[in-house]
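A.B. asks: What follows is the file input-v4.txt, containing compact mmCIF, C-alpha atoms:
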# COMPACT_ATOMS: atom_id res chain seq x y z
CA MET A 1 4.99 76.32 24.38
CA ARG A 2 7.91 74.10 25.28
CA LEU A 3 10.60 73.99 27.89
CA ARG A 4 13.70 75.82 26.80
CA THR A 5 16.00 73.47 24.92
CA THR A 6 19.59 73.98 23.84
CA SER A 7 20.74 74.25 20.24
CA LYS A 8 20.84 71.01 18.26
CA THR A 9 23.49 72.54 16.01
CA VAL A 10 25.79 73.26 18.96
CA ALA A 11 25.14 69.79 20.40
CA THR A 12 25.90 67.84 17.21
CA LYS A 13 28.19 69.79 14.85
CA PRO A 14 31.99 69.31 15.22
CA GLY A 15 32.68 72.95 14.34
CA CYS A 16 30.65 74.04 17.37
CA LEU A 17 32.53 71.83 19.84
CA PRO A 18 34.12 74.80 21.71
CA LEU A 19 30.64 76.23 22.29
CA LYS A 20 29.22 72.90 23.40
CA LEU A 21 32.01 72.28 25.91
CA MET A 22 31.72 75.76 27.38
CA TYR A 23 27.95 75.45 27.82
CA GLU A 24 28.25 72.02 29.43
CA GLU A 25 30.77 73.41 31.90
CA ALA A 26 28.40 76.28 32.71
CA VAL A 27 25.59 73.81 33.39
CA LYS A 28 27.82 72.06 35.92
CA SER A 29 29.09 75.23 37.64
CA LYS A 30 25.64 76.91 37.83
CA PRO A 31 26.78 80.54 37.31
CA LYS A 32 24.42 83.36 38.29
CA ALA A 33 26.27 86.39 36.88
CA TRP A 34 27.98 87.29 33.61
CA GLY A 35 31.31 87.86 35.34
CA GLN A 36 31.41 84.17 36.25
CA VAL A 37 31.36 83.08 32.59
CA GLU A 38 32.90 86.03 30.74
CA SER A 39 36.42 84.65 30.28
CA HIS A 40 35.12 81.18 29.36
CA PHE A 41 32.66 82.70 26.88
CA LEU A 42 35.42 84.73 25.27
CA SER A 43 37.69 81.69 24.97
CA ALA A 44 34.90 79.60 23.41
CA MET A 45 34.07 82.33 20.89
CA GLU A 46 37.74 82.69 19.94
CA ARG A 47 38.08 78.96 19.32
CA PHE A 48 34.83 78.87 17.36
CA ASP A 49 35.99 81.79 15.20
CA ALA A 50 39.26 79.93 14.60
CA ASN A 51 37.26 76.89 13.46
CA LEU A 52 35.24 79.12 11.14
CA ALA A 53 38.31 80.83 9.68
CA ASN A 54 40.01 77.48 9.10
CA GLY A 55 36.95 75.87 7.48
CA LEU A 56 36.26 73.50 10.37
CA ALA A 57 32.93 75.23 11.05
CA ASP A 58 30.47 75.87 8.20
CA MET A 59 27.76 78.42 7.45
CA GLY A 60 25.17 76.34 9.28
CA ASP A 61 27.34 76.49 12.40
CA LEU A 62 27.63 80.26 12.01
CA GLN A 63 23.96 80.93 11.30
CA ASN A 64 22.43 78.46 13.75
CA GLY A 65 25.14 77.71 16.29
CA LYS A 66 26.86 80.90 17.39
CA GLY A 67 23.72 82.90 18.16
CA ASP A 68 21.93 79.92 19.70
CA PHE A 69 24.87 79.32 22.02
CA PHE A 70 24.80 82.93 23.24
CA ASN A 71 21.04 82.71 23.68
CA ASP A 72 21.30 79.44 25.63
CA LEU A 73 24.05 80.75 27.89
CA LEU A 74 22.15 83.91 28.83
CA ALA A 75 18.99 81.90 29.51
CA LEU A 76 20.96 79.54 31.76
CA LEU A 77 22.34 82.48 33.75
CA LEU A 78 18.87 83.95 34.18
CA GLU A 79 17.37 80.63 35.28
CA ASN A 80 20.11 80.15 37.86
CA CYS A 81 19.81 83.72 39.11
CA ALA A 82 16.01 83.93 39.28
CA GLY A 83 15.29 80.34 40.23
CA VAL A 84 12.64 79.97 37.53
CA THR A 85 12.22 77.90 34.38
CA LEU A 86 12.24 79.80 31.10
CA TYR A 87 10.38 78.70 28.00
CA SER A 88 10.26 78.94 24.22
CA ARG A 89 6.90 79.95 22.77
CA GLY A 90 5.57 80.16 19.24
CA GLY A 91 2.41 81.79 17.98
CA VAL A 92 2.45 84.60 20.55
CA PRO A 93 0.05 87.27 19.22
CA GLY A 94 0.97 90.90 18.78
CA LEU A 95 -1.40 93.75 18.02
CA ILE A 96 -0.60 93.68 14.29
CA PHE A 97 1.06 90.34 13.59
CA PRO A 98 -0.79 87.27 14.94
CA LYS A 99 2.29 85.15 15.57
CA HIS A 100 5.66 85.89 17.12
CA HIS A 101 8.27 83.30 18.11
CA LEU A 102 10.02 83.92 21.42
CA ASP A 103 13.19 81.90 22.07
CA VAL A 104 13.37 82.77 25.77
CA THR A 105 10.30 83.92 27.66
CA PHE A 106 8.21 83.59 30.82
CA PRO A 107 5.66 82.30 31.76
CA SER A 108 4.77 79.26 29.67
CA THR A 109 1.19 80.35 28.90
CA GLY A 110 -0.95 83.46 29.00
CA VAL A 111 0.30 87.02 28.78
CA VAL A 112 4.06 87.21 28.28
CA GLU A 113 5.80 88.83 31.25
CA PHE A 114 9.40 88.63 30.06
CA MET A 115 11.24 88.16 26.77
CA LEU A 116 14.91 87.93 25.90
CA GLU A 117 16.49 88.70 22.53
CA ALA A 118 20.17 87.83 22.10
CA LYS A 119 22.35 88.60 19.08
CA ALA A 120 25.94 87.47 18.44
CA VAL A 121 27.52 89.43 15.58
CA GLY A 122 30.82 89.83 13.76
CA THR A 123 32.84 87.09 12.05
CA PRO A 124 36.39 86.47 10.82
CA ARG A 125 37.03 86.02 7.12
CA HIS A 126 36.27 82.40 6.28
CA PRO A 127 35.92 80.13 3.23
CA GLY A 128 32.28 81.16 2.87
CA SER A 129 33.23 84.85 2.57
CA PRO A 130 36.57 84.91 0.71
CA ARG A 131 36.13 88.53 -0.43
CA GLU A 132 35.74 89.85 3.12
CA GLN A 133 38.54 92.09 4.38
CA PRO A 134 41.31 90.17 6.21
CA ILE A 135 40.18 91.18 9.69
CA GLY A 136 36.64 89.98 9.01
CA ARG A 137 33.10 91.32 8.97
CA ALA A 138 32.24 94.24 11.23
CA GLY A 139 30.19 93.44 14.30
CA SER A 140 27.90 96.37 13.53
CA ALA A 141 27.29 95.33 9.91
CA ASP A 142 24.00 93.49 10.53
CA LEU A 143 22.78 95.28 13.64
CA ASP A 144 20.62 97.83 11.84
CA LYS A 145 18.30 95.13 10.51
CA ARG A 146 18.36 93.07 13.69
CA ILE A 147 17.60 95.98 16.01
CA LYS A 148 14.70 97.04 13.78
CA GLU A 149 13.28 93.50 13.96
CA ILE A 150 13.62 93.43 17.74
CA GLY A 151 12.09 96.90 18.05
CA PHE A 152 9.04 96.04 15.98
CA LYS A 153 8.45 92.77 17.85
CA THR A 154 8.69 94.56 21.20
CA ILE A 155 6.32 97.36 20.19
CA ASP A 156 3.82 94.91 18.69
CA LEU A 157 3.73 92.70 21.81
CA LYS A 158 3.51 95.63 24.23
CA ALA A 159 0.73 97.21 22.17
CA GLU A 160 -1.20 93.92 22.32
CA TYR A 161 -0.80 93.89 26.10
CA ALA A 162 -2.29 97.40 26.26
CA ARG A 163 -5.21 96.20 24.13
CA ILE A 164 -5.80 93.28 26.52
CA LEU A 165 -5.85 95.66 29.50
CA ALA A 166 -8.40 97.88 27.78
CA GLU A 167 -10.53 94.86 26.88
CA GLN A 168 -10.52 93.80 30.54
CA GLY A 169 -11.69 97.23 31.64
CA SER A 170 -8.33 98.46 32.90
CA GLN A 171 -6.95 101.80 31.83
CA PRO A 172 -3.57 101.31 30.12
CA SER A 173 -1.21 104.24 30.17
CA ALA A 174 -1.43 106.43 27.09
CA ILE A 175 1.41 107.39 24.80
CA ALA A 176 2.02 111.05 25.56
CA GLY A 177 4.92 112.19 23.43
CA ASN A 178 7.57 109.78 24.71
CA LEU A 179 7.35 106.31 23.21
CA THR A 180 10.22 104.92 25.31
CA THR A 181 8.53 105.90 28.58
CA TRP A 182 5.30 104.26 27.47
CA LEU A 183 7.02 101.07 26.32
CA ARG A 184 8.67 100.69 29.72
CA SER A 185 5.32 101.05 31.47
CA VAL A 186 3.73 97.96 29.90
CA ARG A 187 4.54 94.29 29.61
CA PRO A 188 6.29 92.21 28.49
CA ARG A 189 9.60 93.29 29.95
CA SER A 190 11.94 93.17 26.96
CA TYR A 191 15.69 92.68 27.32
CA VAL A 192 18.26 92.74 24.52
CA PHE A 193 21.81 91.40 24.75
CA ILE A 194 24.48 91.82 22.08
CA ALA A 195 27.82 90.02 21.79
CA ALA A 196 29.97 91.67 19.13
CA ARG A 197 33.33 90.87 17.61
CA VAL A 198 34.50 94.36 16.63
CA ILE A 199 37.21 95.15 14.09
CA SER A 200 37.94 98.84 14.76
CA SER A 201 37.15 101.78 17.00
CA ASN A 202 34.54 102.93 14.46
CA ASP A 203 32.92 99.50 14.48
CA HIS A 204 32.85 99.55 18.28
CA ALA A 205 31.25 103.01 18.28
CA ARG A 206 28.55 101.81 15.87
CA VAL A 207 27.79 98.81 18.10
CA VAL A 208 27.33 101.18 21.04
CA ARG A 209 25.06 103.45 18.97
CA PHE A 210 22.89 100.50 17.95
CA ALA A 211 22.72 99.39 21.60
CA ASP A 212 21.49 102.87 22.50
CA VAL A 213 18.85 102.66 19.76
CA ALA A 214 17.71 99.27 21.09
CA ALA A 215 17.43 100.80 24.57
CA GLN A 216 14.79 103.21 23.26
CA VAL A 217 12.41 100.35 22.46
CA SER A 218 13.42 97.83 25.16
CA ASP A 219 13.44 97.84 28.94
CA ALA A 220 17.19 97.27 29.10
CA VAL A 221 20.11 96.43 26.83
CA GLY A 222 23.45 94.79 27.53
CA ALA A 223 26.41 94.53 25.16
CA PHE A 224 29.71 92.67 25.31
CA TRP A 225 32.40 93.22 22.70
CA PHE A 226 35.86 91.94 21.94
CA HIS A 227 38.49 92.81 19.36
CA ALA A 228 40.13 89.83 17.67
CA GLY A 229 43.34 89.42 15.66
CA VAL A 230 43.41 89.42 11.89
CA HIS A 231 43.70 85.68 11.29
CA ASP A 232 41.67 84.30 14.20
CA THR A 233 43.82 81.20 14.56
CA ALA A 234 44.32 79.63 17.94
CA ASP A 235 47.71 81.35 18.29
CA ASP A 236 46.77 84.72 16.84
CA VAL A 237 43.76 85.96 18.79
CA GLN A 238 44.17 89.01 20.98
CA ALA A 239 40.84 89.83 22.57
CA THR A 240 40.07 93.04 24.40
CA PRO A 241 36.71 92.59 26.11
CA GLY A 242 34.36 95.33 27.20
CA SER A 243 30.73 95.78 28.16
CA LEU A 244 27.94 98.28 28.67
CA ALA A 245 24.39 98.39 29.98
CA ARG A 246 21.49 100.66 29.11
CA GLY A 247 17.92 101.06 30.29
CA VAL A 248 15.85 100.47 33.40
CA GLY A 249 17.92 99.11 36.27
CA ALA A 250 21.13 99.31 34.28
CA GLY A 251 22.78 101.63 36.77
CA SER A 252 25.34 104.26 35.95
CA VAL A 253 27.38 103.27 32.93
CA GLN A 254 30.80 104.58 32.07
CA CYS A 255 32.52 103.59 28.83
CA LEU A 256 36.28 103.89 28.83
CA SER A 257 38.22 103.89 25.56
CA GLY A 258 41.39 101.87 25.29
CA SER A 259 44.15 102.37 22.75
CA ASP A 260 42.09 100.68 20.05
CA GLY A 261 38.82 102.27 21.15
CA THR A 262 37.20 98.93 21.89
CA GLN A 263 37.56 98.61 25.62
CA GLY A 264 34.71 99.44 27.96
CA ARG A 265 33.63 98.76 31.49
CA SER A 266 30.18 98.72 33.00
CA ALA A 267 29.74 100.54 36.28
CA CYS A 268 26.56 98.61 37.13
The structure given in the file should be rewritten as structure tokens.

C.D. replies:
Amino acid sequence: MRLRTTSKTVATKPGCLPLKLMYEEAVKSKPKAWGQVESHFLSAMERFDANLANGLADMGDLQNGKGDFFNDLLALLLENCAGVTLYSRGGVPGLIFPKHHLDVTFPSTGVVEFMLEAKAVGTPRHPGSPREQPIGRAGSADLDKRIKEIGFKTIDLKAEYARILAEQGSQPSAIAGNLTTWLRSVRPRSYVFIAARVISSNDHARVVRFADVAAQVSDAVGAFWFHAGVHDTADDVQATPGSLARGVGAGSVQCLSGSDGTQGRSAC
């Protein structure tokens, strides 16, 4: 167990400077809702993608900086909103696998009550992927694998919680035909957030489908997407943001399609 710490990659790598500056500003302003940081997040991601496309950010920045930044920002919002300290924990046992690493969780010891999984996907073409199509890699390209990993971790941890209840003499709810209903009846509460750079209406639709799949194994899912220009330079980014929410407490969600099929609005 350790207190939640921010990404060392974001803090030290020049290519991640837009992400670092945005996070530092969020720490100062103490936001409690996504709407308070959405435009700043989008601007930071655009500038980071421009750095990546121009070779100013490397593969380490992409693999360890972009996702960590999104994870850190969401955790900061939750801490400000809930007034609690969140933690990172390793070696958390599941029913099948003895060790899971949780980047953002609560409490610091004992049975996990809450866990957050955040994924930032989609990249422009950059020197590390010269054969990628000009507009870049689809945001949905890697979500199949990532959602499966999240789903298995969630099921394994919730199944272990049910085992603990039974061991203590409590009667955990039984799976009776609907796995999603059972998963939402036991701890830990599992939340998934996706930030996706989408390249087409089909890519956007696939991101939404994967978010819906994630909602079947998690308590709630949120997604934010934006459509960027072909070159992702500072002067050539045209972002169309949108969002959705799924799951317990997500409210009524209405997705509205824009001219490029990538615009959405949450009615939460």

A.B. asks: Excluding Leu143 of chain A and its own-chain neighbours fewer than 4 positions away, which residues fall within 8 Å of it when counting only C-alpha atoms? Please give them as a PyMOL selection string.

C.D. replies: chain A and resi 121+139+147+207+210

A.B. asks: Could you give me, as a list in words, the residues within 6 Å of Ile194 of chain A, counting all atoms listed in the file and dropping anything in the same chain fewer than 4 positions from it?

C.D. replies: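 Skipping anything fewer than 4 positions along the chain leaves Ala118, Lys119, Ala120 and Ala223 of chain A.
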
A.B. asks: Taking all atoms listed in the file into account, which of A:Cys81, A:Met115, A:Ile199, A:Leu165 comes nearest Asp103 of chain A?

C.D. replies: A:Met115

A.B. asks: Give me, as a CSV table (one decimal) with C-alpha atoms, in the frame of the given file, all polymer residues having an atom no more than 12 Å from segment 10-17 of chain A, counting all atoms listed in the file and skipping those fewer than 3 positions away in the same chain.

C.D. replies:
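The result, stored in out11.csv:
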chain,number,residue,atom,x,y,z
A,5,THR,CA,16.0,73.5,24.9
A,6,THR,CA,19.6,74.0,23.8
A,7,SER,CA,20.7,74.2,20.2
A,20,LYS,CA,29.2,72.9,23.4
A,21,LEU,CA,32.0,72.3,25.9
A,22,MET,CA,31.7,75.8,27.4
A,23,TYR,CA,28.0,75.4,27.8
A,24,GLU,CA,28.2,72.0,29.4
A,44,ALA,CA,34.9,79.6,23.4
A,45,MET,CA,34.1,82.3,20.9
A,46,GLU,CA,37.7,82.7,19.9
A,47,ARG,CA,38.1,79.0,19.3
A,48,PHE,CA,34.8,78.9,17.4
A,49,ASP,CA,36.0,81.8,15.2
A,50,ALA,CA,39.3,79.9,14.6
A,51,ASN,CA,37.3,76.9,13.5
A,52,LEU,CA,35.2,79.1,11.1
A,53,ALA,CA,38.3,80.8,9.7
A,54,ASN,CA,40.0,77.5,9.1
A,55,GLY,CA,37.0,75.9,7.5
A,56,LEU,CA,36.3,73.5,10.4
A,57,ALA,CA,32.9,75.2,11.0
A,58,ASP,CA,30.5,75.9,8.2
A,59,MET,CA,27.8,78.4,7.4
A,60,GLY,CA,25.2,76.3,9.3
A,61,ASP,CA,27.3,76.5,12.4
A,62,LEU,CA,27.6,80.3,12.0
A,63,GLN,CA,24.0,80.9,11.3
A,64,ASN,CA,22.4,78.5,13.8
A,65,GLY,CA,25.1,77.7,16.3
A,66,LYS,CA,26.9,80.9,17.4
A,67,GLY,CA,23.7,82.9,18.2
A,68,ASP,CA,21.9,79.9,19.7
A,69,PHE,CA,24.9,79.3,22.0
A,70,PHE,CA,24.8,82.9,23.2
A,71,ASN,CA,21.0,82.7,23.7
A,72,ASP,CA,21.3,79.4,25.6
A,73,LEU,CA,24.0,80.8,27.9

A.B. asks: Grab the atom CA of Pro188 of chain A to atom CA of Thr109 of chain A distance for me, in Å with one decimal place.

C.D. replies: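 Rounded to one decimal, the two atoms are 12.9 Å apart.
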
A.B. asks: For the atom pair atom CA of Val198 of chain A and atom CA of Asp144 of chain A, what is the interatomic distance in Å to one decimal place?

C.D. replies: 15.1 Å

A.B. asks: For a test of reading the model, state the distance in Å between atom CA of Ser108 of chain A and atom CA of Val92 of chain A, rounded to one decimal.

C.D. replies: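 Calculated distance between atom CA of Ser108 of chain A and atom CA of Val92 of chain A is 10.8 Å.
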
A.B. asks: Could you check the closest approach to Phe114 of chain A for each of A:Ala162, A:Phe41, A:Val192, A:Ser170 and tell me which residue wins, using all atoms listed in the file?

C.D. replies: A:Val192

A.B. asks: Could you pull the residues within 12 Å of Leu86 of chain A, counting all atoms listed in the file, minus those fewer than 2 positions along the same chain, as a ChimeraX atom specification?

C.D. replies: /A:1-6,71-72,74-84,88-89,102-109,112-116

A.B. asks: Start from the incomplete input, build N, CA and C atoms for segment 147-164 of chain A, and deliver everything as a PDB file, keeping the file's coordinate frame.

C.D. replies:
ATOM      1  N   ILE A 147      18.207  95.115  15.000  1.00  0.00           N
ATOM      2  CA  ILE A 147      17.600  95.980  16.010  1.00  0.00           C
ATOM      3  C   ILE A 147      16.213  96.431  15.573  1.00  0.00           C
ATOM      4  N   LYS A 148      16.034  96.684  14.282  1.00  0.00           N
ATOM      5  CA  LYS A 148      14.700  97.040  13.780  1.00  0.00           C
ATOM      6  C   LYS A 148      13.720  95.894  14.014  1.00  0.00           C
ATOM      7  N   GLU A 149      14.151  94.658  13.747  1.00  0.00           N
ATOM      8  CA  GLU A 149      13.280  93.500  13.960  1.00  0.00           C
ATOM      9  C   GLU A 149      12.899  93.364  15.427  1.00  0.00           C
ATOM     10  N   ILE A 150      13.886  93.521  16.309  1.00  0.00           N
ATOM     11  CA  ILE A 150      13.620  93.430  17.740  1.00  0.00           C
ATOM     12  C   ILE A 150      12.674  94.549  18.176  1.00  0.00           C
ATOM     13  N   GLY A 151      12.919  95.759  17.675  1.00  0.00           N
ATOM     14  CA  GLY A 151      12.090  96.900  18.050  1.00  0.00           C
ATOM     15  C   GLY A 151      10.643  96.704  17.644  1.00  0.00           C
ATOM     16  N   PHE A 152      10.423  96.221  16.423  1.00  0.00           N
ATOM     17  CA  PHE A 152       9.040  96.040  15.980  1.00  0.00           C
ATOM     18  C   PHE A 152       8.353  94.952  16.795  1.00  0.00           C
ATOM     19  N   LYS A 153       9.052  93.849  17.056  1.00  0.00           N
ATOM     20  CA  LYS A 153       8.450  92.770  17.850  1.00  0.00           C
ATOM     21  C   LYS A 153       8.063  93.282  19.232  1.00  0.00           C
ATOM     22  N   THR A 154       8.961  94.041  19.858  1.00  0.00           N
ATOM     23  CA  THR A 154       8.690  94.560  21.200  1.00  0.00           C
ATOM     24  C   THR A 154       7.481  95.487  21.196  1.00  0.00           C
ATOM     25  N   ILE A 155       7.440  96.422  20.257  1.00  0.00           N
ATOM     26  CA  ILE A 155       6.320  97.360  20.190  1.00  0.00           C
ATOM     27  C   ILE A 155       5.012  96.625  19.933  1.00  0.00           C
ATOM     28  N   ASP A 156       5.034  95.647  19.031  1.00  0.00           N
ATOM     29  CA  ASP A 156       3.820  94.910  18.690  1.00  0.00           C
ATOM     30  C   ASP A 156       3.284  94.133  19.893  1.00  0.00           C
ATOM     31  N   LEU A 157       4.167  93.482  20.652  1.00  0.00           N
ATOM     32  CA  LEU A 157       3.730  92.700  21.810  1.00  0.00           C
ATOM     33  C   LEU A 157       3.253  93.598  22.945  1.00  0.00           C
ATOM     34  N   LYS A 158       3.935  94.712  23.168  1.00  0.00           N
ATOM     35  CA  LYS A 158       3.510  95.630  24.230  1.00  0.00           C
ATOM     36  C   LYS A 158       2.190  96.310  23.866  1.00  0.00           C
ATOM     37  N   ALA A 159       1.992  96.613  22.592  1.00  0.00           N
ATOM     38  CA  ALA A 159       0.730  97.210  22.170  1.00  0.00           C
ATOM     39  C   ALA A 159      -0.424  96.219  22.352  1.00  0.00           C
ATOM     40  N   GLU A 160      -0.171  94.939  22.104  1.00  0.00           N
ATOM     41  CA  GLU A 160      -1.200  93.920  22.320  1.00  0.00           C
ATOM     42  C   GLU A 160      -1.539  93.800  23.797  1.00  0.00           C
ATOM     43  N   TYR A 161      -0.538  93.933  24.662  1.00  0.00           N
ATOM     44  CA  TYR A 161      -0.800  93.890  26.100  1.00  0.00           C
ATOM     45  C   TYR A 161      -1.697  95.061  26.511  1.00  0.00           C
ATOM     46  N   ALA A 162      -1.441  96.240  25.962  1.00  0.00           N
ATOM     47  CA  ALA A 162      -2.290  97.400  26.260  1.00  0.00           C
ATOM     48  C   ALA A 162      -3.717  97.160  25.785  1.00  0.00           C
ATOM     49  N   ARG A 163      -3.861  96.513  24.632  1.00  0.00           N
ATOM     50  CA  ARG A 163      -5.210  96.200  24.130  1.00  0.00           C
ATOM     51  C   ARG A 163      -5.931  95.248  25.075  1.00  0.00           C
ATOM     52  N   ILE A 164      -5.200  94.244  25.592  1.00  0.00           N
ATOM     53  CA  ILE A 164      -5.800  93.280  26.520  1.00  0.00           C
ATOM     54  C   ILE A 164      -6.265  93.994  27.789  1.00  0.00           C
TER      55      ILE A 164
END
